[in-house]
Every structure is written in C-alpha cells, then in structure tokens.
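Coordinates as given in final.txt (compact mmCIF, C-alpha atoms):
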# COMPACT_ATOMS: atom_id res chain seq x y z
CA MET C 193 -5.71 47.58 -15.09
CA VAL C 194 -5.02 45.55 -11.97
CA ILE C 195 -1.45 44.95 -10.80
CA THR C 196 -0.93 42.62 -7.87
CA VAL C 197 2.30 42.67 -5.90
CA ALA C 198 3.49 39.89 -3.60
CA GLU C 199 5.36 41.37 -0.64
CA ASP C 200 7.63 38.38 -0.10
CA THR C 201 11.23 38.41 1.07
CA GLY C 202 11.42 34.82 -0.18
CA GLY C 203 10.92 36.16 -3.69
CA VAL C 204 9.54 34.45 -6.75
CA GLU C 205 9.98 30.92 -5.44
CA VAL C 206 7.62 31.34 -2.48
CA ALA C 207 5.05 33.39 -4.40
CA ARG C 208 5.04 31.18 -7.48
CA PRO C 209 2.68 28.38 -6.28
CA PHE C 210 0.00 30.93 -5.34
CA ILE C 211 0.32 32.85 -8.59
CA GLU C 212 0.32 29.72 -10.73
CA ALA C 213 -2.79 28.44 -8.93
CA ALA C 214 -4.61 31.76 -9.41
CA LYS C 215 -3.60 32.04 -13.11
CA PRO C 216 -4.10 35.82 -13.12
CA ALA C 217 -4.61 37.63 -16.42
CA HIS C 218 -3.17 40.84 -14.96
CA PRO C 219 0.51 41.56 -14.19
CA SER C 220 1.26 39.64 -11.01
CA LEU C 221 4.55 40.91 -9.60
CA VAL C 222 6.87 39.74 -6.85
CA ASP C 223 8.47 42.28 -4.54
CA ALA C 224 11.30 40.64 -2.59
CA THR C 225 12.22 43.81 -0.69
CA HIS C 226 8.71 45.07 0.19
CA LEU C 227 9.51 48.08 -1.98
CA VAL C 228 5.89 48.90 -2.80
CA SER C 229 4.88 48.91 0.86
CA GLU C 230 7.82 51.18 1.61
CA LEU C 231 7.10 53.58 -1.27
CA TYR C 232 3.40 53.84 -0.48
CA ASP C 233 3.66 53.59 3.32
CA MET C 234 1.60 50.39 3.50
CA VAL C 235 1.54 48.36 6.73
CA ASN C 236 -0.60 45.34 5.94
CA VAL C 237 -1.94 43.11 3.18
CA PRO C 238 -4.08 43.20 1.18
CA THR C 239 -3.64 46.93 0.66
CA ALA C 240 -4.76 48.83 -2.44
CA VAL C 241 -4.02 52.17 -3.98
CA TRP C 242 -5.85 53.76 -6.90
CA ILE C 243 -3.77 55.52 -9.58
CA ASP C 244 -5.37 57.47 -12.43
CA GLU C 245 -4.40 57.78 -16.11
CA GLU C 246 -1.92 60.58 -15.36
CA GLY C 247 -0.20 58.59 -12.64
CA THR C 248 -1.76 60.50 -9.76
CA ILE C 249 -2.78 58.65 -6.60
CA VAL C 250 -6.50 59.29 -6.28
CA ARG C 251 -7.24 57.07 -3.31
CA GLY C 252 -5.47 55.07 -0.68
CA PRO C 253 -3.60 53.19 0.49
CA GLU C 254 -6.27 51.28 2.39
CA PRO C 255 -7.32 47.66 3.09
CA ALA C 256 -8.32 46.18 -0.28
CA GLY C 257 -11.82 45.10 0.67
CA ALA C 258 -10.53 43.44 3.85
CA GLU C 259 -12.09 44.04 7.24
CA ASP C 260 -11.90 42.96 10.84
CA SER C 261 -14.63 40.32 10.99
CA PHE C 262 -11.91 37.71 10.40
CA ARG C 263 -10.95 38.26 14.04
CA GLN C 264 -14.00 36.19 15.00
CA MET C 265 -12.32 33.19 13.39
CA ASN C 266 -11.54 30.28 15.69
CA HIS C 267 -7.82 30.71 16.38
CA THR C 268 -6.97 27.02 15.98
CA THR C 269 -9.57 25.57 13.59
CA TYR C 270 -9.74 28.75 11.44
CA VAL C 271 -13.53 28.28 11.24
CA MET C 272 -15.42 31.55 10.90
CA PRO C 273 -18.96 32.26 12.13
CA GLU C 274 -21.40 32.59 9.21
CA ALA C 275 -22.21 36.22 10.11
CA ALA C 276 -18.51 37.14 9.94
CA THR C 277 -18.13 35.48 6.55
CA ALA C 278 -21.17 37.39 5.31
CA ALA C 279 -19.81 40.70 6.66
CA ILE C 280 -16.50 40.16 4.85
CA ARG C 281 -18.33 39.32 1.63
CA ASP C 282 -20.40 42.53 1.97
CA THR C 283 -17.29 44.65 2.45
CA GLN C 284 -15.59 43.04 -0.54
CA ARG C 285 -18.67 43.69 -2.65
CA ALA C 286 -18.96 47.31 -1.52
CA TYR C 287 -15.28 47.92 -2.20
CA SER C 288 -15.53 46.34 -5.66
CA GLU C 289 -18.53 48.57 -6.41
CA ALA C 290 -16.53 51.63 -5.35
CA ILE C 291 -13.75 50.62 -7.76
CA ARG C 292 -16.27 50.15 -10.59
CA ASP C 293 -17.75 53.56 -9.84
CA TRP C 294 -14.29 55.12 -10.19
CA VAL C 295 -13.60 53.21 -13.42
CA ALA C 296 -16.88 54.54 -14.86
CA LYS C 297 -16.76 58.13 -13.56
CA GLY C 298 -13.09 58.91 -13.03
CA ALA C 299 -12.41 62.04 -10.98
CA ALA C 300 -16.17 62.60 -10.63
CA SER C 301 -16.51 59.40 -8.59
CA ARG C 302 -17.42 60.13 -4.99
CA TYR C 303 -14.81 57.57 -3.95
CA VAL C 304 -11.94 59.63 -5.29
CA THR C 305 -10.60 61.02 -2.03
CA GLY C 306 -6.90 61.70 -2.76
CA ALA C 307 -3.65 60.23 -1.52
CA LYS C 308 -2.95 59.67 2.15
CA VAL C 309 0.30 61.48 2.80
CA PRO C 310 1.92 60.38 6.03
CA GLU C 311 2.77 63.04 8.54
CA ALA C 312 6.52 63.78 8.43
CA ALA C 313 7.52 65.84 11.45
CA SER C 314 6.72 63.58 14.40
CA ALA C 315 8.77 61.16 16.49
CA GLU C 316 6.60 58.38 15.02
CA ALA C 317 7.56 59.40 11.48
CA ALA C 318 11.26 59.37 12.40
CA ASP C 319 10.80 55.93 13.96
CA ALA C 320 8.98 54.69 10.84
CA ALA C 321 11.86 55.88 8.64
CA ARG C 322 14.35 54.08 10.89
CA ALA C 323 12.12 50.98 10.97
CA ALA C 324 12.18 50.81 7.17
CA ALA C 325 15.99 50.87 7.23
CA GLU C 326 16.10 48.16 9.94
CA PHE C 327 13.71 45.97 7.95
CA ARG C 328 15.85 46.35 4.83
CA LEU C 329 18.94 45.44 6.88
CA GLY C 330 17.13 42.34 8.16
CA GLU C 331 16.35 41.36 4.56
CA LEU C 332 19.98 41.92 3.53
CA LEU C 333 21.23 39.72 6.38
CA HIS C 334 18.63 37.08 5.52
CA SER C 335 19.85 37.05 1.93
CA GLN C 336 23.42 36.69 3.21
CA GLY C 337 22.42 33.50 5.06
CA ARG C 338 22.50 35.13 8.53
CA PRO C 339 18.96 34.44 9.80
CA GLU C 340 19.69 35.06 13.51
CA LEU C 341 21.28 38.42 12.80
CA ALA C 342 18.40 39.20 10.44
CA GLN C 343 15.84 38.60 13.20
CA ARG C 344 17.62 41.12 15.46
CA HIS C 345 16.93 43.84 12.94
CA PHE C 346 13.42 42.64 12.12
CA GLU C 347 12.79 42.95 15.87
CA GLU C 348 13.98 46.55 15.75
CA ALA C 349 11.73 47.26 12.76
CA LYS C 350 8.74 45.74 14.59
CA ARG C 351 9.49 47.72 17.75
CA LEU C 352 9.90 51.02 15.86
CA ARG C 353 6.81 50.48 13.66
CA PRO C 354 4.34 48.56 15.82
CA ASP C 355 1.48 49.20 13.37
CA SER C 356 3.23 47.28 10.56
CA TRP C 357 1.77 43.82 10.25
CA ASN C 358 3.92 43.34 7.16
CA TYR C 359 7.08 43.57 9.29
CA LYS C 360 5.69 41.26 11.97
CA ARG C 361 4.28 38.58 9.73
CA GLN C 362 7.11 38.52 7.20
CA ALA C 363 9.67 38.22 10.01
CA TRP C 364 7.68 35.48 11.73
CA SER C 365 7.38 33.48 8.51
CA LEU C 366 11.13 33.69 7.91
CA GLU C 367 11.73 32.51 11.46
CA GLU C 368 9.45 29.52 11.11
CA PRO C 369 6.95 28.57 8.37
CA MET C 370 3.30 29.22 9.39
CA LYS C 371 4.32 31.27 12.44
CA SER C 372 2.81 34.31 10.73
CA GLY C 373 -0.68 32.86 11.25
CA GLY C 374 -0.06 30.96 14.47
CA PRO C 375 -0.48 31.70 18.19
CA GLU C 376 1.89 34.71 18.11
CA PHE C 377 -0.21 36.26 15.35
CA TRP C 378 -3.50 35.77 17.19
CA ALA C 379 -2.01 37.02 20.46
CA ALA C 380 -0.88 40.20 18.69
CA VAL C 381 -4.30 40.63 17.04
CA ASP C 382 -6.11 40.07 20.33
CA ALA C 383 -3.80 42.58 22.01
CA LEU C 384 -5.24 45.27 19.71
CA GLY C 385 -8.42 45.22 21.79
CA ASP C 386 -10.73 47.85 20.34
CA ARG C 387 -8.16 49.09 17.83
CA PRO C 388 -8.53 47.85 14.25
CA TYR C 389 -6.31 45.36 12.45
CA TYR C 390 -7.76 46.62 9.17
CA PRO C 391 -8.87 50.25 9.59
CA PRO C 392 -12.46 50.47 8.30
CA ILE C 393 -12.60 51.43 4.62
CA GLU C 394 -14.41 54.72 4.16
CA LEU C 395 -17.10 54.02 1.59
CA GLU C 396 -19.47 56.89 2.30
CA GLY C 397 -17.56 58.85 -0.29
CA ARG C 398 -17.69 62.57 -0.87
CA ALA C 399 -21.10 64.17 -0.65
CA MET X 175 37.74 46.08 5.74
CA ALA X 176 35.05 45.87 3.09
CA ASP X 177 31.51 46.21 4.39
CA THR X 178 28.24 45.98 2.47
CA ALA X 179 25.82 48.88 2.28
CA ILE X 180 22.41 49.51 0.81
CA ALA X 181 21.79 53.20 0.25
CA TYR X 182 18.41 54.76 -0.51
CA GLY X 183 16.84 51.54 -1.76
CA ARG X 184 19.58 50.73 -4.27
CA ASP X 185 21.38 47.39 -4.63
CA PRO X 186 24.01 46.39 -2.06
CA VAL X 187 27.50 47.76 -2.74
CA SER X 188 30.89 47.23 -1.19
CA VAL X 189 31.98 50.11 1.06
CA LEU X 190 34.89 50.82 3.36
CA GLY X 191 33.89 51.10 7.03
CA ASP X 192 36.33 53.17 9.07
CA GLY X 193 35.13 54.07 12.57
CA ASP X 194 32.13 56.35 12.11
CA ALA X 195 32.83 56.84 8.41
CA LEU X 196 31.53 54.83 5.48
CA TRP X 197 33.57 55.47 2.35
CA LEU X 198 32.49 54.86 -1.22
CA ASP X 199 34.35 55.67 -4.44
CA VAL X 200 32.97 58.95 -5.80
CA ARG X 201 32.76 57.45 -9.30
CA VAL X 202 30.28 54.73 -8.29
CA LEU X 203 28.11 57.09 -6.17
CA PRO X 204 25.38 57.70 -8.80
CA GLY X 205 24.67 54.02 -9.44
CA ALA X 206 25.01 53.03 -5.79
CA THR X 207 23.07 55.86 -4.20
CA GLY X 208 21.27 57.94 -6.82
CA TRP X 209 23.38 60.93 -5.66
CA GLU X 210 26.18 62.50 -7.64
CA LEU X 211 29.01 64.71 -6.41
CA LYS X 212 29.15 67.94 -8.42
CA PRO X 213 30.89 71.30 -7.89
CA GLU X 214 27.66 72.63 -6.31
CA GLY X 215 27.38 69.75 -3.87
CA MET X 216 25.66 66.37 -3.76
CA CYS X 217 22.87 66.24 -6.33
CA ARG X 218 19.92 63.92 -6.90
CA GLY X 219 17.74 64.94 -9.81
CA GLU X 220 17.28 68.69 -9.55
CA VAL X 221 18.08 68.83 -5.85
CA CYS X 222 21.61 69.75 -4.79
CA VAL X 223 22.82 69.78 -1.20
CA PRO X 224 25.92 71.90 -0.61
CA ILE X 225 28.72 70.29 1.38
CA PRO X 226 29.65 72.63 4.26
CA PRO X 227 33.07 74.02 3.11
CA ALA X 228 34.50 73.96 6.63
CA ARG X 229 33.69 70.25 6.90
CA ALA X 230 34.66 69.22 3.35
CA ALA X 231 37.35 66.84 4.62
CA GLU X 232 34.72 64.85 6.54
CA PHE X 233 32.81 64.23 3.30
CA VAL X 234 35.43 63.77 0.58
CA ARG X 235 38.89 62.23 0.86
CA ASP X 236 41.14 60.72 -1.81
CA GLY X 237 38.30 60.21 -4.28
CA GLN X 238 36.09 58.59 -1.63
CA PHE X 239 32.81 59.97 -0.31
CA ASN X 240 31.63 59.51 3.29
CA LEU X 241 28.04 58.22 3.04
CA ARG X 242 27.66 58.27 6.80
CA ALA X 243 28.52 61.96 7.19
CA PHE X 244 26.12 62.85 4.38
CA ALA X 245 23.27 60.78 5.82
CA ASP X 246 23.75 62.37 9.24
CA HIS X 247 23.86 65.80 7.57
CA LEU X 248 20.43 65.14 5.97
CA GLY X 249 18.85 63.43 8.98
CA GLN X 250 18.62 60.09 7.18
CA PRO X 251 18.58 56.93 9.30
CA VAL X 252 21.73 54.81 9.28
CA VAL X 253 21.53 51.30 10.75
CA ASN X 254 24.13 48.57 10.81
CA GLU X 255 24.99 45.08 11.95
CA PRO X 256 28.61 45.07 13.14
CA ALA X 257 28.80 41.26 13.21
CA ALA X 258 28.20 41.16 9.45
CA GLY X 259 29.62 44.52 8.34
CA ALA X 260 26.22 45.34 6.88
CA TRP X 261 24.74 48.83 6.60
CA VAL X 262 21.54 50.43 5.40
CA ILE X 263 21.09 54.13 4.77
CA GLY X 264 17.40 54.89 4.58
CA GLU X 265 15.25 57.81 3.56
CA ALA X 266 14.43 60.64 5.96
CA ALA X 267 10.85 60.89 7.22
CA GLY X 268 10.23 64.04 5.19
CA ASP X 269 11.32 62.37 1.95
CA ARG X 270 9.17 59.30 2.67
CA ALA X 271 6.14 61.56 3.03
CA SER X 272 6.86 63.95 0.15
CA ARG X 273 7.15 61.20 -2.45
CA LEU X 274 3.44 60.55 -1.95
CA GLN X 275 2.64 64.08 -3.07
CA GLY X 276 2.37 64.35 -6.82
CA GLU X 277 3.06 61.46 -9.16
CA ALA X 278 2.65 57.93 -7.81
CA PRO X 279 6.08 56.53 -6.87
CA ASP X 280 7.29 54.34 -9.73
CA PHE X 281 8.59 50.81 -9.32
CA GLU X 282 9.86 48.03 -11.55
CA LEU X 283 9.37 44.43 -10.40
CA PRO X 284 9.48 40.96 -11.97
CA ASP X 285 6.65 38.51 -12.53
CA VAL X 286 7.24 34.77 -11.98
CA SER X 287 8.72 34.40 -15.46
CA GLY X 288 11.31 37.05 -14.62
CA ALA X 289 9.82 39.64 -16.99
CA LEU X 290 10.07 43.15 -15.55
CA HIS X 291 7.02 45.40 -15.27
CA ARG X 292 7.06 49.10 -14.55
CA LEU X 293 4.10 50.92 -13.03
CA SER X 294 4.63 53.93 -15.30
CA ASP X 295 4.32 51.69 -18.39
CA HIS X 296 0.58 51.82 -17.72
CA ARG X 297 0.11 55.60 -17.93
CA GLY X 298 -3.09 56.29 -19.82
CA LYS X 299 -4.97 53.62 -17.88
CA LYS X 300 -6.39 53.58 -14.40
CA VAL X 301 -4.33 51.23 -12.24
CA LEU X 302 -5.37 49.42 -9.09
CA VAL X 303 -2.26 48.24 -7.23
CA VAL X 304 -2.99 45.51 -4.69
CA THR X 305 -0.41 43.97 -2.37
CA TRP X 306 -0.57 40.51 -0.83
CA GLY X 307 1.81 38.11 0.90
CA SER X 308 2.26 34.36 0.81
CA TRP X 309 2.82 34.47 4.58

Represent the structure contained in this file as structure tokens.
Amino acid sequence: MVITVAEDTGGVEVARPFIEAAKPAHPSLVDATHLVSELYDMVNVPTAVWIDEEGTIVRGPEPAGAEDSFRQMNHTTYVMPEAATAAIRDTQRAYSEAIRDWVAKGAASRYVTGAKVPEAASAEAADAARAAAEFRLGELLHSQGRPELAQRHFEEAKRLRPDSWNYKRQAWSLEEPMKSGGPEFWAAVDALGDRPYYPPIELEGRA
Amino acid sequence: MADTAIAYGRDPVSVLGDGDALWLDVRVLPGATGWELKPEGMCRGEVCVPIPPARAAEFVRDGQFNLRAFADHLGQPVVNEPAAGAWVIGEAAGDRASRLQGEAPDFELPDVSGALHRLSDHRGKKVLVVTWGSW
C-alpha cells in the first residue's frame, strides 16, 4: 500500500491540480500543517518511510529515490546533463527494487534497517523542537491572513532548523509563487558545498 | 483579551493571555491539548505529571489552567506573536524523538474529495508513506 502526502500549507486547493493530473490509485492525502513531516522528523521532499503490517517503522525516513544529481541542472533553464538524468533514474530504480525486496521478504529483507530516531538531548534537538512550534505559528498567522507576521516566524523556523528544506521552500512559496525553485533556492543549494541536499540513500543493506 | 493558541498539534483555541500566563478553561483542556487535569496531576494517556503543590496557584485558578506554566514545567517550547495574540505550544525534544520508538505515529488526513484517511486503518498491510510538495 502506497500513501502519498502533500506537505502543503495551501491545502487541498494547491495540491489538487497535481493529484488530479496524476490520477493516483492509492490514497493521496493533503497535509496542510506539515503534520507528517513533524511526526516523522522529515526535512525534505520526497521523503519515504516504510511501515510494516504491525505498524512498526522498519526503515526511514530517507529521500524517496531522490538524489543530488539534480544539482547539476542549469539554474535558469532547468536543463539537466544526460549523465545526471541517468544517475537519478538509476537511483530511483535501485530504490524501487529495495522496496520490492521488502514487499517480497518482509523482515528478512536486507533493506529493513529500522527507524531513525532523532537524538533528543542536544541543543540542536531543542532548536528543532522550537523550530517546529515557530513553523506552526507561521502557518496559523498565514491562515489568519497575516502573511508578513507569518514570514517572521517562518524565518525563525528556518534559522532554528537550517537543515529543513520543507520550512525554507514552503515559506518561500507562500511569500511569492515559484520562489521555492528560484534564485534563492539555488543559492541555498549551492551554499551547501560538499554537504548533501538529499543524503545518499543507503542501499547496501544489511550483510 | 482573548488570544489564540495551538497546543501540542491540536486545533486553535481561544485562550486568555495575562502577562506570562496563558489561561484555558479546565473543562476544555482535553479536547484542546490532549491533557486532562486529574487529582494526580495533568494526565495524557497513561502519563501523569504532578503539579508541584507549592506552586499550585500558578497552574490552576478559578477553573482555569495555565498552559504556559505547564509548558515551561515540562520544557516544551512556547512561541508567540504579540501583534496577533497568537501562541503555539510545541512538543519537547524528548517527546519528538520518543514517538518514533515503537508504533509508527498515526495521522488522519483528507484526500482531495475531503474523505479522511487514517494510517492505522491499513494495519495488516505494508505501507510506504511518501511526502511531496506542490512548491
């Protein structure tokens, strides 16, 4: 069973055109408060988590077959070198094969690695907890028709949780349509340097 | 003056902001926060947190409960926007981490037709949850 979740403060109305175009056969849900990302400590899209028949997280969260070759894309024309396109396709294929392996073998699948539980006792964890509250406050203010006040608190969320691309891109898109994929986005991606945008998916599996 | 608060991921509720205190009618606590005031303290599920007897007046007054004092007591983040009288009480870092141990956190969300779907409705099947964004 696949369940997709749109992390969209704009709610059903902004997600609808994409969902209607894709005509998914699986439940395709809309999450106007980024609840799933908050519950599962997700910082980017697409992110996947594997849950078994008993409701136990058996893998993830992790990039859902996404990887960093997209960074080779031309920042204005959005044209990607052929090698980058091929690398992304390979990663998607490998990730899909890992999922199929789990579907066939269950707990015996080498790709069943367990949940990633975030560390709780650090200054970063306290900041992440506060960032989540600031982001929620930004969403509340946005829903109250106070976009400038909302951005103040989105800024706080972004500052406190710099690894969350969800916070950055959602806030940018509420500020101005398309800003989430514009020059500010590419500048932030380029500023990562050697650090990943999508951490590499571990597909070696257990021995 | 009535402010608006979101507590622990629940829906916004009207609260009474008074200096550092944030008062909410004890009777609406469970629906608004998931916590309930009982003789043994503030309880959520099987967990009860005693209210320090010497500080009881900070927490409960005239049938109102001080959400701010309780959040500070538990180390939960409290953020606000004074210009809008808007508050959010979030989860502490330890609670955010511990909910990923054990059963997958449940959620109920709508599809585009408005029909609600709950993750736990799919027990008995493997589930792949994938997030995306229109942005």

Could you list, as an mmCIF file with C-alpha atoms, in the coordinates of the input, the residues of chain X having an atom within 8 Å of chain C when counting all atoms listed in the file?
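This went into selection38.cif:
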data_model
loop_
_atom_site.group_PDB
_atom_site.id
_atom_site.type_symbol
_atom_site.label_atom_id
_atom_site.label_comp_id
_atom_site.auth_asym_id
_atom_site.auth_seq_id
_atom_site.Cartn_x
_atom_site.Cartn_y
_atom_site.Cartn_z
ATOM 1 C CA PRO X 251 18.580 56.930 9.300
ATOM 2 C CA VAL X 252 21.730 54.810 9.280
ATOM 3 C CA VAL X 253 21.530 51.300 10.750
ATOM 4 C CA ASN X 254 24.130 48.570 10.810
ATOM 5 C CA GLU X 255 24.990 45.080 11.950
ATOM 6 C CA ALA X 258 28.200 41.160 9.450
ATOM 7 C CA ALA X 260 26.220 45.340 6.880
ATOM 8 C CA TRP X 261 24.740 48.830 6.600
ATOM 9 C CA VAL X 262 21.540 50.430 5.400
ATOM 10 C CA ILE X 263 21.090 54.130 4.770
ATOM 11 C CA GLY X 264 17.400 54.890 4.580
ATOM 12 C CA GLU X 265 15.250 57.810 3.560
ATOM 13 C CA ALA X 266 14.430 60.640 5.960
ATOM 14 C CA ALA X 267 10.850 60.890 7.220
ATOM 15 C CA GLY X 268 10.230 64.040 5.190
ATOM 16 C CA ARG X 270 9.170 59.300 2.670
ATOM 17 C CA ALA X 271 6.140 61.560 3.030
ATOM 18 C CA SER X 272 6.860 63.950 0.150
ATOM 19 C CA ARG X 273 7.150 61.200 -2.450
ATOM 20 C CA LEU X 274 3.440 60.550 -1.950
ATOM 21 C CA GLN X 275 2.640 64.080 -3.070
ATOM 22 C CA GLY X 276 2.370 64.350 -6.820
ATOM 23 C CA GLU X 277 3.060 61.460 -9.160
ATOM 24 C CA ALA X 278 2.650 57.930 -7.810
ATOM 25 C CA PRO X 279 6.080 56.530 -6.870
ATOM 26 C CA PHE X 281 8.590 50.810 -9.320
ATOM 27 C CA LEU X 283 9.370 44.430 -10.400
ATOM 28 C CA PRO X 284 9.480 40.960 -11.970
ATOM 29 C CA ASP X 285 6.650 38.510 -12.530
ATOM 30 C CA VAL X 286 7.240 34.770 -11.980
ATOM 31 C CA HIS X 291 7.020 45.400 -15.270
ATOM 32 C CA SER X 294 4.630 53.930 -15.300
ATOM 33 C CA HIS X 296 0.580 51.820 -17.720
ATOM 34 C CA ARG X 297 0.110 55.600 -17.930
ATOM 35 C CA GLY X 298 -3.090 56.290 -19.820
ATOM 36 C CA LYS X 299 -4.970 53.620 -17.880
ATOM 37 C CA LYS X 300 -6.390 53.580 -14.400
ATOM 38 C CA VAL X 301 -4.330 51.230 -12.240
ATOM 39 C CA LEU X 302 -5.370 49.420 -9.090
ATOM 40 C CA VAL X 303 -2.260 48.240 -7.230
ATOM 41 C CA VAL X 304 -2.990 45.510 -4.690
ATOM 42 C CA THR X 305 -0.410 43.970 -2.370
ATOM 43 C CA TRP X 306 -0.570 40.510 -0.830
ATOM 44 C CA GLY X 307 1.810 38.110 0.900
ATOM 45 C CA SER X 308 2.260 34.360 0.810
ATOM 46 C CA TRP X 309 2.820 34.470 4.580
#

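Distance check against Leu241 in chain X using all atoms listed in the file: of X:Glu220, X:Glu210, X:Asp280, X:Asp185, the minimum falls on X:Glu210.
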
Distance query range 262-265 of chain C at most 9 Å, only C-alpha atoms, self and fewer than 5 positions along chain excluded, as a short mmCIF file (atom, residue, chain, number, x, y, z; two decimals) with C-alpha atoms, in the coordinates of the input:
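New file result_36.cif:
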data_model
loop_
_atom_site.label_atom_id
_atom_site.label_comp_id
_atom_site.auth_asym_id
_atom_site.auth_seq_id
_atom_site.Cartn_x
_atom_site.Cartn_y
_atom_site.Cartn_z
CA TYR C 270 -9.74 28.75 11.44
CA VAL C 271 -13.53 28.28 11.24
CA MET C 272 -15.42 31.55 10.90
CA PRO C 273 -18.96 32.26 12.13
CA ALA C 276 -18.51 37.14 9.94
CA THR C 277 -18.13 35.48 6.55
CA ILE C 280 -16.50 40.16 4.85
CA TRP C 378 -3.50 35.77 17.19
CA VAL C 381 -4.30 40.63 17.04
CA ASP C 382 -6.11 40.07 20.33
CA TYR C 389 -6.31 45.36 12.45
#

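Distance-wise, CA of Trp357 in chain C and CA of Leu290 in chain X end up 27.1 Å apart.
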
Contact residues around Phe244 in chain X with only C-alpha atoms at 9 Å, ignoring same-chain residues under 4 positions, as a ChimeraX atom specification: /X:216,225,233,239-240,248-250

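Put simply, CA of Asp192 in chain X is 29.1 Å away from CA of Lys350 in chain C.
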
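Residues of protein, DNA and RNA with at least one atom no farther than 10 Å from (26.4, 48.5, -4.8) are, using all atoms listed in the file, Thr178, Ala179, Ile180, Ala181, Arg184, Asp185, Pro186, Val187, Ser188, Val189, Leu198, Val202, Leu203, Gly205, Ala206 and Thr207 of chain X.
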
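Here CA of Asp355 in chain C stands at a distance of 6.7 Å from CA of Val235 in chain C.
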
Specify the axis-aligned box that encloses all atoms of range 187-191 of chain X listed in the file after padding of 5 Å on each side, stating its centre and edge lengths in Å to one decimal as lines of an AutoDock Vina configuration file.
center_x = 31.2
center_y = 49.2
center_z = 2.1
size_x = 17.4
size_y = 13.9
size_z = 19.8
